[in-house]
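What follows is the content of upload-v6.cif, which has mmCIF, C-alpha atoms:
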data_model
#
loop_
_atom_site.group_PDB
_atom_site.id
_atom_site.type_symbol
_atom_site.label_atom_id
_atom_site.label_comp_id
_atom_site.auth_asym_id
_atom_site.auth_seq_id
_atom_site.Cartn_x
_atom_site.Cartn_y
_atom_site.Cartn_z
ATOM 1 C CA MET G 24 32.902 -0.816 0.101
ATOM 2 C CA PRO G 25 31.212 -3.913 -1.425
ATOM 3 C CA VAL G 26 31.752 -4.714 -5.066
ATOM 4 C CA ILE G 27 29.142 -6.156 -7.375
ATOM 5 C CA ALA G 28 30.374 -9.585 -8.371
ATOM 6 C CA PRO G 29 30.214 -10.371 -12.078
ATOM 7 C CA MET G 30 27.830 -13.134 -13.078
ATOM 8 C CA PRO G 31 29.235 -16.079 -15.022
ATOM 9 C CA ALA G 32 28.635 -15.940 -18.745
ATOM 10 C CA THR G 33 25.860 -18.237 -19.880
ATOM 11 C CA ARG G 34 26.510 -17.977 -23.604
ATOM 12 C CA PRO G 35 29.625 -19.315 -25.298
ATOM 13 C CA ALA G 36 31.848 -16.621 -26.693
ATOM 14 C CA ARG G 37 31.386 -15.993 -30.410
ATOM 15 C CA VAL G 38 34.290 -15.589 -32.707
ATOM 16 C CA PRO G 39 33.597 -12.307 -34.442
ATOM 17 C CA ALA G 40 33.491 -12.400 -38.182
ATOM 18 C CA GLN G 41 34.837 -9.539 -40.165
ATOM 19 C CA THR G 42 32.713 -6.605 -39.074
ATOM 20 C CA THR G 43 32.904 -2.933 -39.506
ATOM 21 C CA SER G 44 33.317 -0.545 -36.611
ATOM 22 C CA ARG G 45 29.671 0.482 -37.027
ATOM 23 C CA GLU G 46 28.463 -3.134 -36.601
ATOM 24 C CA SER G 47 30.590 -3.694 -33.488
ATOM 25 C CA ALA G 48 29.232 -0.489 -31.940
ATOM 26 C CA ASP G 49 25.681 -1.683 -32.650
ATOM 27 C CA GLU G 50 26.432 -5.050 -31.021
ATOM 28 C CA ALA G 51 27.853 -3.337 -27.922
ATOM 29 C CA MET G 52 24.705 -1.212 -27.652
ATOM 30 C CA ALA G 53 22.460 -4.265 -28.081
ATOM 31 C CA ALA G 54 24.294 -6.085 -25.290
ATOM 32 C CA GLY G 55 23.579 -3.305 -22.785
ATOM 33 C CA THR G 56 25.708 -2.298 -19.850
ATOM 34 C CA THR G 57 28.146 -4.995 -18.809
ATOM 35 C CA VAL G 58 28.719 -6.120 -15.255
ATOM 36 C CA ASP G 59 32.323 -4.927 -15.472
ATOM 37 C CA HIS G 60 31.201 -1.463 -16.532
ATOM 38 C CA LEU G 61 28.669 -1.359 -13.695
ATOM 39 C CA THR G 62 31.360 -2.444 -11.221
ATOM 40 C CA GLU G 63 33.654 0.336 -12.416
ATOM 41 C CA THR G 64 30.794 2.816 -12.161
ATOM 42 C CA TYR G 65 30.201 1.605 -8.610
ATOM 43 C CA ARG G 66 33.832 2.149 -7.638
ATOM 44 C CA ALA G 67 34.034 5.563 -9.276
ATOM 45 C CA HIS G 68 30.666 7.048 -8.305
ATOM 46 C CA TYR G 69 29.456 5.349 -5.119
ATOM 47 C CA ARG G 70 30.417 8.292 -2.908
ATOM 48 C CA SER G 71 28.887 10.910 -5.215
ATOM 49 C CA LEU G 72 25.635 8.938 -5.345
ATOM 50 C CA LEU G 73 25.746 8.625 -1.569
ATOM 51 C CA GLY G 74 26.125 12.413 -1.383
ATOM 52 C CA LEU G 75 23.126 12.838 -3.688
ATOM 53 C CA ALA G 76 21.028 10.606 -1.437
ATOM 54 C CA ALA G 77 22.285 12.511 1.636
ATOM 55 C CA LEU G 78 20.942 15.746 0.171
ATOM 56 C CA LEU G 79 17.518 14.137 -0.241
ATOM 57 C CA LEU G 80 17.383 12.044 2.939
ATOM 58 C CA ASP G 81 18.436 12.787 6.481
ATOM 59 C CA ASP G 82 20.105 9.651 7.828
ATOM 60 C CA THR G 83 23.175 7.775 6.647
ATOM 61 C CA ALA G 84 21.649 4.291 6.865
ATOM 62 C CA SER G 85 18.787 5.254 4.548
ATOM 63 C CA CYS G 86 21.227 6.862 2.112
ATOM 64 C CA GLU G 87 23.353 3.730 1.928
ATOM 65 C CA ASP G 88 20.261 1.553 1.500
ATOM 66 C CA VAL G 89 18.980 3.745 -1.326
ATOM 67 C CA VAL G 90 22.297 3.741 -3.203
ATOM 68 C CA GLN G 91 22.728 -0.024 -2.821
ATOM 69 C CA GLU G 92 19.155 -0.597 -4.005
ATOM 70 C CA ALA G 93 19.802 1.685 -6.999
ATOM 71 C CA PHE G 94 22.834 -0.387 -8.040
ATOM 72 C CA ILE G 95 20.876 -3.609 -7.591
ATOM 73 C CA ARG G 96 18.023 -2.339 -9.756
ATOM 74 C CA VAL G 97 20.294 -1.051 -12.501
ATOM 75 C CA HIS G 98 22.260 -4.310 -12.360
ATOM 76 C CA SER G 99 19.023 -6.276 -12.779
ATOM 77 C CA ALA G 100 17.958 -4.117 -15.728
ATOM 78 C CA ARG G 101 21.398 -3.607 -17.256
ATOM 79 C CA SER G 102 20.351 -5.104 -20.588
ATOM 80 C CA ARG G 103 17.919 -2.194 -21.012
ATOM 81 C CA VAL G 104 20.715 0.379 -20.612
ATOM 82 C CA ARG G 105 21.745 0.318 -24.259
ATOM 83 C CA GLU G 106 24.443 2.969 -23.997
ATOM 84 C CA PRO G 107 26.949 2.290 -21.193
ATOM 85 C CA GLU G 108 27.772 6.001 -20.849
ATOM 86 C CA LYS G 109 24.182 6.526 -19.628
ATOM 87 C CA THR G 110 24.585 4.090 -16.734
ATOM 88 C CA LEU G 111 25.475 6.876 -14.299
ATOM 89 C CA ALA G 112 22.418 8.880 -15.395
ATOM 90 C CA TYR G 113 20.191 5.853 -14.786
ATOM 91 C CA LEU G 114 21.766 5.370 -11.371
ATOM 92 C CA ARG G 115 21.240 9.024 -10.418
ATOM 93 C CA GLN G 116 17.590 8.900 -11.465
ATOM 94 C CA THR G 117 17.087 5.658 -9.558
ATOM 95 C CA VAL G 118 18.642 7.184 -6.412
ATOM 96 C CA VAL G 119 16.317 10.191 -6.688
ATOM 97 C CA ASN G 120 13.232 7.991 -7.199
ATOM 98 C CA LEU G 121 14.123 5.660 -4.332
ATOM 99 C CA SER G 122 14.788 8.661 -2.057
ATOM 100 C CA ARG G 123 11.348 10.043 -2.899
ATOM 101 C CA SER G 124 9.773 6.701 -2.079
ATOM 102 C CA ALA G 125 11.624 6.520 1.235
ATOM 103 C CA LEU G 126 10.434 10.006 2.154
ATOM 104 C CA ARG G 127 6.846 9.133 1.205
ATOM 105 C CA ARG G 128 6.937 6.051 3.418
ATOM 106 C CA ARG G 129 8.435 8.083 6.252
ATOM 107 C CA ILE G 130 5.787 10.829 5.957
ATOM 108 C CA LEU G 131 3.000 8.265 5.859
ATOM 109 C CA GLY G 132 4.424 6.609 8.966
ATOM 110 C CA LEU G 133 4.521 9.948 10.779
ATOM 111 C CA LYS G 134 0.925 10.679 9.808
ATOM 112 C CA LEU G 135 -0.191 7.326 11.147
ATOM 113 C CA LEU G 136 1.790 7.734 14.374
ATOM 114 C CA SER G 137 0.621 11.278 15.022
ATOM 115 C CA LYS G 138 -3.045 10.312 15.322
ATOM 116 C CA PRO G 139 -4.062 10.324 18.977
ATOM 117 C CA MET G 140 -5.232 7.093 20.449
ATOM 118 C CA PRO G 141 -8.962 6.991 21.174
ATOM 119 C CA ASP G 142 -9.980 7.342 24.777
ATOM 120 C CA MET G 143 -10.673 4.004 26.343
ATOM 121 C CA ALA G 144 -13.960 3.505 28.124
ATOM 122 C CA SER G 145 -13.789 2.764 31.819
ATOM 123 C CA ALA G 146 -14.838 -0.630 33.112
ATOM 124 C CA GLU G 147 -18.097 0.870 34.437
ATOM 125 C CA GLU G 148 -18.935 2.357 31.032
ATOM 126 C CA GLY G 149 -18.201 -0.960 29.344
ATOM 127 C CA ALA G 150 -20.473 -2.791 31.780
ATOM 128 C CA TYR G 151 -23.227 -0.193 31.290
ATOM 129 C CA ASP G 152 -22.923 -0.496 27.486
ATOM 130 C CA GLN G 153 -23.182 -4.276 27.797
ATOM 131 C CA LEU G 154 -26.328 -3.949 29.912
ATOM 132 C CA GLU G 155 -27.864 -1.616 27.315
ATOM 133 C CA ARG G 156 -27.017 -4.045 24.510
ATOM 134 C CA ASP G 157 -28.513 -6.944 26.467
ATOM 135 C CA ALA G 158 -31.683 -4.927 27.119
ATOM 136 C CA LEU G 159 -31.941 -3.956 23.451
ATOM 137 C CA ILE G 160 -31.504 -7.570 22.320
ATOM 138 C CA LYS G 161 -34.179 -8.695 24.794
ATOM 139 C CA ALA G 162 -36.527 -5.946 23.606
ATOM 140 C CA MET G 163 -35.870 -6.864 19.950
ATOM 141 C CA ARG G 164 -36.787 -10.481 20.685
ATOM 142 C CA GLY G 165 -40.141 -9.268 22.032
ATOM 143 C CA LEU G 166 -41.084 -7.628 18.717
ATOM 144 C CA GLN G 167 -43.174 -9.216 15.988
ATOM 145 C CA ARG G 168 -41.108 -11.089 13.417
ATOM 146 C CA ARG G 169 -41.680 -8.561 10.577
ATOM 147 C CA GLN G 170 -40.962 -5.582 12.851
ATOM 148 C CA ARG G 171 -37.727 -7.180 13.994
ATOM 149 C CA GLU G 172 -36.677 -8.014 10.402
ATOM 150 C CA VAL G 173 -37.398 -4.473 9.188
ATOM 151 C CA LEU G 174 -35.506 -2.838 12.071
ATOM 152 C CA VAL G 175 -32.503 -5.138 11.775
ATOM 153 C CA LEU G 176 -32.202 -4.642 8.013
ATOM 154 C CA ARG G 177 -32.897 -0.902 8.183
ATOM 155 C CA TYR G 178 -30.719 0.113 11.140
ATOM 156 C CA PHE G 179 -28.183 -2.658 11.693
ATOM 157 C CA ALA G 180 -27.582 -3.683 8.057
ATOM 158 C CA ASP G 181 -27.863 0.003 7.031
ATOM 159 C CA MET G 182 -30.233 -0.652 4.131
ATOM 160 C CA THR G 183 -32.589 1.887 2.611
ATOM 161 C CA GLU G 184 -36.340 1.373 2.950
ATOM 162 C CA ALA G 185 -36.505 0.372 -0.725
ATOM 163 C CA GLN G 186 -33.762 -2.232 -0.237
ATOM 164 C CA VAL G 187 -35.561 -3.619 2.833
ATOM 165 C CA ALA G 188 -38.808 -3.844 0.854
ATOM 166 C CA GLU G 189 -37.064 -5.693 -1.967
ATOM 167 C CA THR G 190 -35.233 -8.036 0.419
ATOM 168 C CA LEU G 191 -38.357 -8.974 2.381
ATOM 169 C CA GLY G 192 -40.642 -8.974 -0.644
ATOM 170 C CA ILE G 193 -43.095 -6.450 0.855
ATOM 171 C CA SER G 194 -44.241 -2.989 -0.186
ATOM 172 C CA LEU G 195 -42.459 0.227 0.751
ATOM 173 C CA GLY G 196 -45.505 1.308 2.785
ATOM 174 C CA SER G 197 -45.351 -1.932 4.776
ATOM 175 C CA VAL G 198 -41.669 -1.330 5.539
ATOM 176 C CA LYS G 199 -42.512 2.145 6.884
ATOM 177 C CA ALA G 200 -45.431 0.825 8.944
ATOM 178 C CA TYR G 201 -43.497 -2.111 10.442
ATOM 179 C CA GLY G 202 -40.547 0.191 11.134
ATOM 180 C CA SER G 203 -42.524 2.871 12.968
ATOM 181 C CA ARG G 204 -44.515 0.301 15.004
ATOM 182 C CA GLY G 205 -41.309 -1.573 15.838
ATOM 183 C CA ILE G 206 -39.540 1.585 17.057
ATOM 184 C CA ALA G 207 -42.556 2.514 19.190
ATOM 185 C CA ALA G 208 -42.615 -0.988 20.709
ATOM 186 C CA LEU G 209 -38.850 -0.835 21.356
ATOM 187 C CA ARG G 210 -39.193 2.548 23.072
ATOM 188 C CA VAL G 211 -41.863 1.160 25.408
ATOM 189 C CA ALA G 212 -39.823 -1.983 26.151
ATOM 190 C CA MET G 213 -36.601 -0.010 26.824
ATOM 191 C CA GLU G 214 -38.393 2.467 29.142
ATOM 192 C CA ALA G 215 -39.816 -0.458 31.100
ATOM 193 C CA THR G 216 -36.322 -1.874 31.767
ATOM 194 C CA ALA G 217 -34.901 1.516 32.828
#
Could you take the file, read its structure, and then write that structure out as structure tokens?
Amino acid sequence: MPVIAPMPATRPARVPAQTTSRESADEAMAAGTTVDHLTETYRAHYRSLLGLAALLLDDTASCEDVVQEAFIRVHSARSRVREPEKTLAYLRQTVVNLSRSALRRRILGLKLLSKPMPDMASAEEGAYDQLERDALIKAMRGLQRRQREVLVLRYFADMTEAQVAETLGISLGSVKAYGSRGIAALRVAMEATA
């Protein structure tokens, strides 16, 4: 069972002046949970926290990871735990929250894995699709410039007729006229290649 190593003190020790018991209790609360207290909590409650995680999760490795992560997080935020007797409560809540997160990730992974893979097209279908695309591109090149622009913006760029009109700087009626004439010309060109 690993033990959290205490960090070296960065501040020089102060010689306490004459203080009352109330002032020393306030200073202890302001300092937060000490590393030594967290280490003792680890030794005394690691197994119970592991049991808590085991009730929420289903595999031992995840439980151990969650409990270790909980101690790391509380250790990192120990200055915010003003009352050392609440350290265990913070740890329990952290274990519960981390277990929930692990379950959410697991459920999301199962949802993503359970989707069936799309059917792959056969080589013949892929070749046929390529021939159709080539024929469509050739037919589009045979259109008038405005017809081609309207059809590309309307159907390939998925713009509305009003957006096409604004983009090309023409009226809405012109967009409709160029579009219908272009589709008719495409239909004739595609039937000729078939």
- Taking the file as shown, find all residues satisfying the PyMOL selection byres ((chain G and resi 76) around 10) and write them as a ChimeraX atom specification. /G:70-75,77-83,85-90,115,118-119,121-123
- Item | Computed interatomic separation between atom CA of Glu148 of chain G and atom CA of Ala180 of chain G (Å) | 25.3 Å
- Message: With distances taken over only C-alpha atoms, which residue among G:Ala158, G:Ile206, G:Ala212, G:Ala125 lies nearest Arg177 of chain G?
- Response: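 Smallest distance to Arg177 of chain G is found for G:Ile206.
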- Item | atom CA of Arg204 of chain G to atom CA of Leu154 of chain G, distance in Å rounded to a single decimal |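 According to the coordinates, atom CA of Arg204 of chain G and atom CA of Leu154 of chain G are separated by 23.9 Å.
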- Query: Interatomic distance between atom CA of Tyr151 of chain G and atom CA of Gln167 of chain G?
  - Reply: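 Those two atoms sit 26.7 Å apart.
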- Of the residues G:Leu135, G:Ala188, G:Ala162, G:Ala93, which is the one nearest to Gly205 of chain G, using only C-alpha atoms?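 So, comparing all the options, the nearest one is G:Ala162.
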- Note on the structure: From the list G:Thr64, G:Ser203, G:Thr57, G:Ser145, the nearest residue to Val173 of chain G using all atoms listed in the file is G:Ser203
- Hey, which of G:Leu114, G:Arg96, G:Ala185, G:Ser102 ends up closest to Tyr65 of chain G? Count only C-alpha atoms.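 For Tyr65 of chain G, the nearest of the candidates is G:Leu114.
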- Task: Name the residues captured by the PyMOL selection byres ((chain G and resi 202) around 10) when it is applied to the shown file; answer as a PyMOL selection string.
- Result: chain G and resi 169-175+177-178+184+196-201+203-208
- Message: So, with only C-alpha atoms as the atoms that count, which of G:Ala215, G:Val58, G:Ala67, G:Leu131 lies closest to His98 of chain G?
- Response: G:Val58
As lines of an AutoDock Vina configuration file: centre and edge lengths in Å, one decimal, of the axis-aligned box holding segment 180-186 of chain G with 6 Å per side:
center_x = -32.0
center_y = -0.9
center_z = 3.7
size_x = 20.9
size_y = 17.6
size_z = 20.8
- Write out as an NGL selection string each polymer residue whose atoms come within 9 Å of Val97 of chain G, counting only C-alpha atoms; drop sequence neighbours fewer than 4 positions from it. :G and (61 or 92-93 or 101 or 103-104 or 110 or 113-114 or 117)
